[in-house]
Amino acid sequence: MAAPSKGQPEGLDKQKMKQILVPALAVAAIVILVGLVVYVSDSAAAPKMPSDKSNGTENDPDLKEMTAGVKYRDLKTGIGEACPPGAEVEVHYVGWLTDGTVFDSSRERNKTATFKLTEVVAGWGEGIPGMKPGGVRKLVIAPEKGYRNQEKGKIKPNSTLIFEVELVSIVPPKNPTMSDGSNGGTDDPGLKDMGEGLKYRDLKEGTGEPVAEGATITAHYTGWTVDGNVFDSSKTRGEPMTASLAGGLIKGWNKGIPGMKPGGIRKLVIPAALGYGAAGSGEKIPGGATLVFEIELIK
């Protein structure tokens with residue numbers, strides 16, 4: 001048997017190894033790079049999910065319509081009094097676009113935000129009332145209830161907005177505030193006397209035929225006691241009220257609504273004698289209470 005030949009020069013072995021390994025490493029690097037690009041692309045395209053990892057898209061089948069252009073789904077129900085329309089609230093929130101881009105987040109700043117619902121986009125003003133402290137709600141807001149055709153940083157014109165909002169607390173109001181931010185108190189200098197202690201101020205003039213005495217009306221309303229506590233609101237329920245002014249309502253409504261036109265909004269200050277009298281009503285309206293209403297006449 002022939003003796004084994006001596007090994008080839010070491011440099012040649014290294015050269016062969018380079019020829020084999022370098023292309024292999026290059027291929028591996030390309031594979032890794034492609035994989036990374038795909039991962040990053042997929043991550044960028046992935047829809048943002050709420051904190052409970054549920055459906056975060058605008059096409060979430062569990063969404064319910066709050067009002068035209070505003071849909072919601074409660075991720076967590078809070079406890080206590082429901083948030084009234086126009087309230088001042090303390091919240092945590094995250095907002096994202098339909099492609100998953102986060103455009104704002106109080107969570108990232110680790111600081112809650114406090115503001116009045118009359119000072120934010122209409123979708124928040126309509127979508128947060130009814131929540132209770134500790135509750136978490138997903139909101140999907142159409143452009144007409146958001147920033148419309150305006151551009152706001154990462155928000156392009158006509159963007160649908162998606163939010164997760166946690167209601168931390170409701171800031172106790174000092175006085176009732178109308179939806180236009182105007183004076184809701186009994187000391188409002190713009191009030192006009194209708195007799196018997198009943199006073200009114202039109203926040204918005206409607207159009208068409210004025211309401212006649214005894215007519216049947218459909219209206220949205222919010223009612224406050226003079227200390228600013230909301231005792232009832234059709235807007236919280238998301239459904240207007242239909243009733244006859246010929247009976248079944250307090251006298252302050254029967255006397256204070258005639259003359260309004262569809263689309264109009266009126267503030268009424270109703271003395272106890274034309275409201276619930278000395279007996280009051282339930283736990284929220286004490287005996288002898290003066291009531292403040294904002295009434296929006298639909299038809």
# chains A, B, ... in the order shown; residues from 1 in each chain; ligands from 1
>>> residues_around(residues="A:Thr177", least_positions_apart="6", cutoff="12 Å", atoms="only C-alpha atoms", output="ChimeraX atom specification")
/A:84-88,116-118,183-186,188,203,222-230,267,292-294
>>> select_by_dssp(residues="stretch 16-260 of chain A", states="helix (DSSP H, G or I)", output="PDB file with C-alpha atoms, in the first residue's frame")
ATOM      1  CA  LYS A  16     -10.248  26.628  -0.532  1.00  0.00           C
ATOM      2  CA  MET A  17     -12.064  27.330   2.716  1.00  0.00           C
ATOM      3  CA  LYS A  18     -12.454  30.961   1.733  1.00  0.00           C
ATOM      4  CA  GLN A  19     -13.844  29.946  -1.620  1.00  0.00           C
ATOM      5  CA  ILE A  20     -16.435  27.774   0.101  1.00  0.00           C
ATOM      6  CA  LEU A  21     -17.260  29.854   3.189  1.00  0.00           C
ATOM      7  CA  VAL A  22     -17.356  33.393   1.837  1.00  0.00           C
ATOM      8  CA  PRO A  23     -20.139  32.737  -0.705  1.00  0.00           C
ATOM      9  CA  ALA A  24     -22.016  30.729   1.915  1.00  0.00           C
ATOM     10  CA  LEU A  25     -21.765  33.549   4.440  1.00  0.00           C
ATOM     11  CA  ALA A  26     -22.889  36.041   1.818  1.00  0.00           C
ATOM     12  CA  VAL A  27     -25.955  33.933   1.035  1.00  0.00           C
ATOM     13  CA  ALA A  28     -26.733  33.560   4.735  1.00  0.00           C
ATOM     14  CA  ALA A  29     -26.449  37.318   5.231  1.00  0.00           C
ATOM     15  CA  ILE A  30     -28.813  37.959   2.329  1.00  0.00           C
ATOM     16  CA  VAL A  31     -31.313  35.459   3.752  1.00  0.00           C
ATOM     17  CA  ILE A  32     -31.145  37.138   7.167  1.00  0.00           C
ATOM     18  CA  LEU A  33     -31.470  40.603   5.603  1.00  0.00           C
ATOM     19  CA  VAL A  34     -34.459  39.568   3.509  1.00  0.00           C
ATOM     20  CA  GLY A  35     -36.062  37.998   6.557  1.00  0.00           C
ATOM     21  CA  LEU A  36     -35.526  41.190   8.528  1.00  0.00           C
ATOM     22  CA  VAL A  37     -37.024  43.329   5.776  1.00  0.00           C
ATOM     23  CA  VAL A  38     -40.071  41.055   5.581  1.00  0.00           C
ATOM     24  CA  TYR A  39     -40.436  41.161   9.386  1.00  0.00           C
ATOM     25  CA  VAL A  40     -40.173  44.951   9.493  1.00  0.00           C
ATOM     26  CA  SER A  41     -42.586  45.316   6.572  1.00  0.00           C
ATOM     27  CA  ASP A  42     -45.086  42.953   8.164  1.00  0.00           C
ATOM     28  CA  SER A  43     -44.778  44.755  11.505  1.00  0.00           C
ATOM     29  CA  ALA A  44     -45.396  48.121   9.878  1.00  0.00           C
ATOM     30  CA  ALA A  45     -48.432  46.782   8.066  1.00  0.00           C
ATOM     31  CA  SER A 106     -50.630  59.575  26.716  1.00  0.00           C
ATOM     32  CA  ARG A 107     -49.249  56.160  27.700  1.00  0.00           C
ATOM     33  CA  GLU A 108     -45.947  56.937  26.008  1.00  0.00           C
ATOM     34  CA  ARG A 109     -45.743  60.204  27.944  1.00  0.00           C
ATOM     35  CA  ALA A 122     -66.706  65.650  17.949  1.00  0.00           C
ATOM     36  CA  GLY A 123     -66.009  61.912  17.993  1.00  0.00           C
ATOM     37  CA  TRP A 124     -64.679  62.186  21.537  1.00  0.00           C
ATOM     38  CA  GLY A 125     -67.459  64.522  22.629  1.00  0.00           C
ATOM     39  CA  GLU A 126     -70.023  61.979  21.446  1.00  0.00           C
ATOM     40  CA  GLY A 127     -68.102  58.769  22.136  1.00  0.00           C
ATOM     41  CA  PRO A 143     -63.250  61.874   9.278  1.00  0.00           C
ATOM     42  CA  GLU A 144     -66.317  64.097   9.646  1.00  0.00           C
ATOM     43  CA  LYS A 145     -66.246  63.551  13.415  1.00  0.00           C
ATOM     44  CA  SER A 234     -80.837  61.140  26.181  1.00  0.00           C
ATOM     45  CA  LYS A 235     -77.397  61.586  24.586  1.00  0.00           C
ATOM     46  CA  THR A 236     -75.853  59.196  27.099  1.00  0.00           C
ATOM     47  CA  ARG A 237     -78.367  56.592  26.001  1.00  0.00           C
ATOM     48  CA  LYS A 251     -94.696  71.937  33.038  1.00  0.00           C
ATOM     49  CA  GLY A 252     -91.408  73.690  32.334  1.00  0.00           C
ATOM     50  CA  TRP A 253     -91.041  71.677  29.129  1.00  0.00           C
ATOM     51  CA  ASN A 254     -94.666  72.155  28.092  1.00  0.00           C
ATOM     52  CA  LYS A 255     -94.272  75.914  28.447  1.00  0.00           C
ATOM     53  CA  GLY A 256     -90.621  76.284  27.427  1.00  0.00           C
TER      54      GLY A 256
END
>>> atom_distance(atom1="atom CA of A:Val70", atom2="atom CA of A:Leu161")
9.9 Å
>>> residues_around(residues="A:Asp74", least_positions_apart="3", cutoff="9 Å", atoms="only C-alpha atoms", output="PDB file with N, CA and C atoms, in the first residue's frame")
ATOM      1  N   LEU A  63     -68.144  46.239  16.832  1.00  0.00           N
ATOM      2  CA  LEU A  63     -68.387  47.663  17.024  1.00  0.00           C
ATOM      3  C   LEU A  63     -69.879  47.971  16.971  1.00  0.00           C
ATOM      4  N   THR A  77     -65.827  47.610  31.424  1.00  0.00           N
ATOM      5  CA  THR A  77     -66.863  48.482  31.975  1.00  0.00           C
ATOM      6  C   THR A  77     -66.410  49.023  33.321  1.00  0.00           C
ATOM      7  N   MET A 131     -69.434  56.409  29.505  1.00  0.00           N
ATOM      8  CA  MET A 131     -68.391  55.619  30.150  1.00  0.00           C
ATOM      9  C   MET A 131     -68.403  55.877  31.654  1.00  0.00           C
ATOM     10  N   GLY A 135     -63.414  52.455  33.151  1.00  0.00           N
ATOM     11  CA  GLY A 135     -63.801  51.804  31.908  1.00  0.00           C
ATOM     12  C   GLY A 135     -62.801  52.076  30.795  1.00  0.00           C
ATOM     13  N   VAL A 136     -62.736  51.149  29.850  1.00  0.00           N
ATOM     14  CA  VAL A 136     -61.861  51.278  28.686  1.00  0.00           C
ATOM     15  C   VAL A 136     -62.715  51.072  27.439  1.00  0.00           C
ATOM     16  N   ARG A 137     -62.638  52.002  26.501  1.00  0.00           N
ATOM     17  CA  ARG A 137     -63.489  51.966  25.311  1.00  0.00           C
ATOM     18  C   ARG A 137     -62.656  52.152  24.046  1.00  0.00           C
ATOM     19  N   LYS A 138     -62.960  51.352  23.046  1.00  0.00           N
ATOM     20  CA  LYS A 138     -62.393  51.545  21.713  1.00  0.00           C
ATOM     21  C   LYS A 138     -63.355  52.413  20.917  1.00  0.00           C
ATOM     22  N   LEU A 139     -62.827  53.458  20.279  1.00  0.00           N
ATOM     23  CA  LEU A 139     -63.629  54.343  19.441  1.00  0.00           C
ATOM     24  C   LEU A 139     -63.092  54.330  18.019  1.00  0.00           C
TER      25      LEU A 139
END
>>> select_by_dssp(residues="stretch 77-298 of chain A", states="strand (DSSP E)", output="JSON, numbers by chain")
{"A": [88, 89, 90, 91, 92, 93, 94, 95, 96, 97, 102, 103, 104, 105, 113, 114, 115, 116, 136, 137, 138, 139, 140, 141, 161, 162, 163, 164, 165, 166, 167, 168, 169, 170, 171, 192, 193, 194, 195, 198, 199, 200, 201, 202, 203, 204, 216, 217, 218, 219, 220, 221, 222, 223, 224, 225, 230, 231, 232, 233, 241, 242, 243, 244, 265, 266, 267, 268, 269, 270, 291, 292, 293, 294, 295, 296, 297]}
>>> residues_around(residues="A:Tyr93", least_positions_apart="5", cutoff="7 Å", atoms="only C-alpha atoms", output="VMD selection string")
chain A and resid 105 to 107 163 to 166
